[in-house]
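Everything on this sheet refers to the single structure shown next.
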Amino acid sequence: MLIKNQIYETVICDYTAEGQGIAKIEGCAVFIPNAVVGERCMVRIEKAQKTWAAGKLVEILEKSPHRINRECPVAKLCGGCDFWHIDYEEECRLKADRVRQTLNRIGGENLEEVPLLSAPTCYGYRNKAQYPVSSQKGRVYAGFFRAGTHQVVENPRCLILPEETDQVKKIVIDYVNHYGISAYDEAAQKGLLRHIYVRRGAVSGQVLVCLVVNGRRLPHWEDLVQRLKAVPGFTSLVLAVNTRPGNAILGDEFITLYGPGYIEDTLCGLNFRLSPRSFYQVNHHQAQRLYEAAIAQAEITKDDLVLDLYCGVGTITLAMAKAAGKVIGVEVVEQAVVDAKENAERNGIGNAEFFCGDAGKAALELESKGIRPDVIVVDPPRKGLNADTIEALHRMAPRRIVYVSCDPATLARDVALLKERGYQLKNAMAADLFPRCAHVESIVCLQQKVYG
C-alpha cells in the first residue's frame, strides 16, 4: 500500500473517463489531475487505499510534446473544462480510445479503432450556459462550480462560450448588486437568485435569458430588460421558479417577463423553437454532423416507420422525416413535446407524430398496439436505457437500432444487452461535441443478426 504524503517517481500511462492521468506505482492505480500520458514525473500521494490512490503532480521530469500552456486562467480550479493543458490532437486521441476501450471491455467487442468527428474549433462553441450564483462579503458573483464541490469559481471570460453569454452574466450580476438582490444560499435555503441560464441560437443569434429564482417575483425586472437590450440578439427574459432544496437547476414553472419566452434556431436545414427546458445539443456545428451521421447509419427508406425515443424538441425526428414514410417521437418533458409539435408545423412536416411519456413505457404501449418500427433511434440521458426500453426494443424487433450516447459506459452496457437479444454491432464512431471537456458523444448502429 502506498504511503500518504510520500513522493514517488512514475510515468503516466493512461487517462480516466474524467480526463485524469493514470499511473501504476507498486501495482497500485494512481489518479493524477493535469497529467499527460507519457510524462515521467514526481507525484505526491494525497489519498491511499489498498487498490488505488489519488496523487498530485509535484514535478514533471520529462514533459509530453502534447502538453501546452493553459489559455484559461482558472482552468485548474473550474470544474467545467478538463483539457486546457493538452493539445487538441491528444484530446481527440484519448476520447476516441475511451469509446473503443469501453465498447471492448463492457460491450464485448474487439474494435481496433473508433473514428472520431473532431471539432473545427475549441472556442465559443457552447450555445448554452448555466452559471451558479454565490456571494462573498456582500457581493454577488457568478461562475462555475469547482470540481467536486459547490464552491463557485468566478471567471470573467469563459473561452468555450460566445461573448454574448458572458456579457449577459455581467449585466445580470451588475443589476443584482445594484439593487441588493440576494444570492441563494444552499445551506440556509434562503436568498433569491440561484442560477443565470443563457441560451443562444448559433444561426439565429437570438439570446434567451432565464433566471432561476427561489420565489415568483424579480424586483425591478424592467430595468434588467433595458440593460439586456445591449446584448446582440437578446430576445426573451424568463423566470424559472425553483423553491425546492437540492441541486436541480430548473423548476417546473416558467414566467415570461419579456419577449416570446423562447428562441429559434436552424439545424439540419430545419427551424426549431427552443424553450428553457428544451433539450438541444450545445455544439451546433458538431450536433449537425452527429445527426447527419446517425441518419446515414439508419439507412432509412420511404417505406420505413421510424421511432425516435428521447426525441427532445424533435431534432433527429424531423431530420429523419425527410427520408422516412413516417416518424414517431417520444419525450418525457411536456414542454419539449409542445415545441416538437410546433417545430413539425413550422417546417411543414406532416409525417411526424409526438407523444409525451417515459421512453420505455411509451415504447411498450406502442408495441402493445402492434406498432413495429423498421428503425429505432435512441438518444438517452447519461444513465442510458432502462429495462422497459430494452424490453420494448427487443419486442418491436426493428431492423436497425441507432444509439446516440453521451456516456460510453452505459452505451457499452446497453450494446451488450441488445446483443443478447439478437442484435450485432454494425459500426461505431465518436464525436467531439465538448472540446476541452471530458465528455464525448458516440453513435453506434446495431442490426438484427442474420442466421444462416
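Residues in the C-alpha cells are numbered from 1 in each chain, the chains being A, B, ... in the order shown, and ligands are numbered from 1 in the order shown.
For Arg289 (chain A), the non-local neighbours within 9 Å, defined as residues at least 5 positions apart in the same chain or in other chains and counting only C-alpha atoms, are Leu117, Cys268, His284, Ala294 and Ala431 of chain A.
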Identify all residues of region 79-308 of chain A in strand (DSSP E) (DSSP on the backbone) and supply them as a PyMOL selection string. chain A and resi 116-117+128-136+139-145+152-154+193-200+207-213+234-241+253-258+263-267+270-274+305-308
How far is it from CA of His285 (chain A) to CA of Gly233 (chain A), in Å with one decimal? 19.3 Å
Need the shell around Leu61 (chain A): protein/DNA/RNA residues with any atom at most 9 Å away, counting only C-alpha atoms. Skip same-chain ones fewer than 4 positions apart. Format as number ranges by chain? A: 9, 39-42
Dump as a CSV table (one decimal), in the first residue's frame, selection limited to N, CA and C atoms:
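Wrote it out as again.csv, contents follow:
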chain,number,residue,atom,x,y,z
A,9,GLU,N,8.4,8.6,-8.0
A,9,GLU,CA,8.6,8.8,-9.5
A,9,GLU,C,7.8,7.8,-10.3
A,39,GLU,N,4.3,11.2,-19.8
A,39,GLU,CA,5.2,12.1,-18.9
A,39,GLU,C,5.8,11.3,-17.8
A,40,ARG,N,7.0,11.5,-17.5
A,40,ARG,CA,7.7,11.0,-16.3
A,40,ARG,C,7.7,12.1,-15.3
A,41,CYS,N,7.2,11.8,-14.1
A,41,CYS,CA,7.0,12.9,-13.2
A,41,CYS,C,7.1,12.4,-11.7
A,42,MET,N,7.2,13.4,-10.8
A,42,MET,CA,7.2,13.1,-9.4
A,42,MET,C,5.8,13.4,-8.9
Selected residue of minimal separation from Asn427 (chain A) among A:Leu290, A:Leu305, A:Cys81, A:Leu446, counting only C-alpha atoms: A:Leu446
Residues within 12 Å of Ile316 (chain A), only C-alpha atoms, excluding chain neighbours under 6 positions, as an NGL selection string: :A and (267-270 or 272 or 279-281 or 287-296 or 298 or 306-310 or 322-324 or 327-330 or 340 or 343-344 or 352 or 376-379 or 402-404)
Determine the nearest neighbour of Gln101 (chain A) from the options A:His394, A:Asp14, A:Glu253, A:Cys28, counting only C-alpha atoms. A:Asp14
Residues within 9 Å of Lys95 (chain A), only C-alpha atoms, excluding chain neighbours under 4 positions, as a PDB file with N, CA and C atoms, in the first residue's frame:
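around31.pdb was written with the following content:
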ATOM      1  N   ALA A  17     -11.962   8.301 -17.342  1.00  0.00           N
ATOM      2  CA  ALA A  17     -13.080   8.850 -18.105  1.00  0.00           C
ATOM      3  C   ALA A  17     -13.231  10.344 -17.861  1.00  0.00           C
ATOM      4  N   GLU A  90      -4.175  15.371 -28.945  1.00  0.00           N
ATOM      5  CA  GLU A  90      -4.156  14.378 -27.874  1.00  0.00           C
ATOM      6  C   GLU A  90      -5.540  14.209 -27.262  1.00  0.00           C
ATOM      7  N   GLU A  91      -6.276  15.302 -27.149  1.00  0.00           N
ATOM      8  CA  GLU A  91      -7.640  15.220 -26.616  1.00  0.00           C
ATOM      9  C   GLU A  91      -8.507  14.311 -27.489  1.00  0.00           C
ATOM     10  N   VAL A  99     -13.837   5.530 -26.054  1.00  0.00           N
ATOM     11  CA  VAL A  99     -15.021   4.859 -26.610  1.00  0.00           C
ATOM     12  C   VAL A  99     -14.658   3.438 -27.045  1.00  0.00           C
ATOM     13  N   ARG A 100     -13.525   3.284 -27.727  1.00  0.00           N
ATOM     14  CA  ARG A 100     -13.099   1.964 -28.196  1.00  0.00           C
ATOM     15  C   ARG A 100     -12.886   1.006 -27.026  1.00  0.00           C
ATOM     16  N   LEU A 116     -13.328   9.326 -34.948  1.00  0.00           N
ATOM     17  CA  LEU A 116     -13.903  10.437 -34.179  1.00  0.00           C
ATOM     18  C   LEU A 116     -14.099  11.652 -35.069  1.00  0.00           C
ATOM     19  N   ALA A 430     -17.184   8.026 -32.686  1.00  0.00           N
ATOM     20  CA  ALA A 430     -17.267   9.032 -31.624  1.00  0.00           C
ATOM     21  C   ALA A 430     -17.377  10.412 -32.268  1.00  0.00           C
ATOM     22  N   ALA A 431     -17.887  11.358 -31.503  1.00  0.00           N
ATOM     23  CA  ALA A 431     -17.999  12.733 -31.981  1.00  0.00           C
ATOM     24  C   ALA A 431     -17.675  13.674 -30.828  1.00  0.00           C
ATOM     25  N   ASP A 432     -16.799  14.628 -31.077  1.00  0.00           N
ATOM     26  CA  ASP A 432     -16.410  15.553 -30.013  1.00  0.00           C
ATOM     27  C   ASP A 432     -17.301  16.786 -30.050  1.00  0.00           C
ATOM     28  N   ALA A 438     -14.275  16.657 -20.708  1.00  0.00           N
ATOM     29  CA  ALA A 438     -14.037  15.214 -20.752  1.00  0.00           C
ATOM     30  C   ALA A 438     -15.137  14.441 -21.470  1.00  0.00           C
ATOM     31  N   HIS A 439     -16.337  15.015 -21.594  1.00  0.00           N
ATOM     32  CA  HIS A 439     -17.445  14.288 -22.212  1.00  0.00           C
ATOM     33  C   HIS A 439     -17.179  14.007 -23.687  1.00  0.00           C
ATOM     34  N   VAL A 440     -17.739  12.890 -24.158  1.00  0.00           N
ATOM     35  CA  VAL A 440     -17.636  12.545 -25.570  1.00  0.00           C
ATOM     36  C   VAL A 440     -18.939  11.874 -25.989  1.00  0.00           C
TER      37      VAL A 440
END
Can you tell me, as a ChimeraX atom specification, what residues are no more than 8 Å from Val36 (chain A) when counting only C-alpha atoms, ignoring any on the same chain fewer than 5 positions away? /A:12,21,64,66-67,86
Tell me which protein, DNA and RNA residues are within 9 Å of Gln6 (chain A), counting only C-alpha atoms, leaving out same-chain ones fewer than 6 positions away, and put them as a ChimeraX atom specification. /A:43-46
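The closest residue to Gly80 (chain A), picked from A:Trp221, A:Tyr262, A:Phe355, A:Phe434 and counting only C-alpha atoms, is A:Phe434.
Nearest to Thr51 (chain A) of all the residues A:Val212, A:Asn110, A:Gly251, A:Ile25 is A:Ile25, counting only C-alpha atoms.
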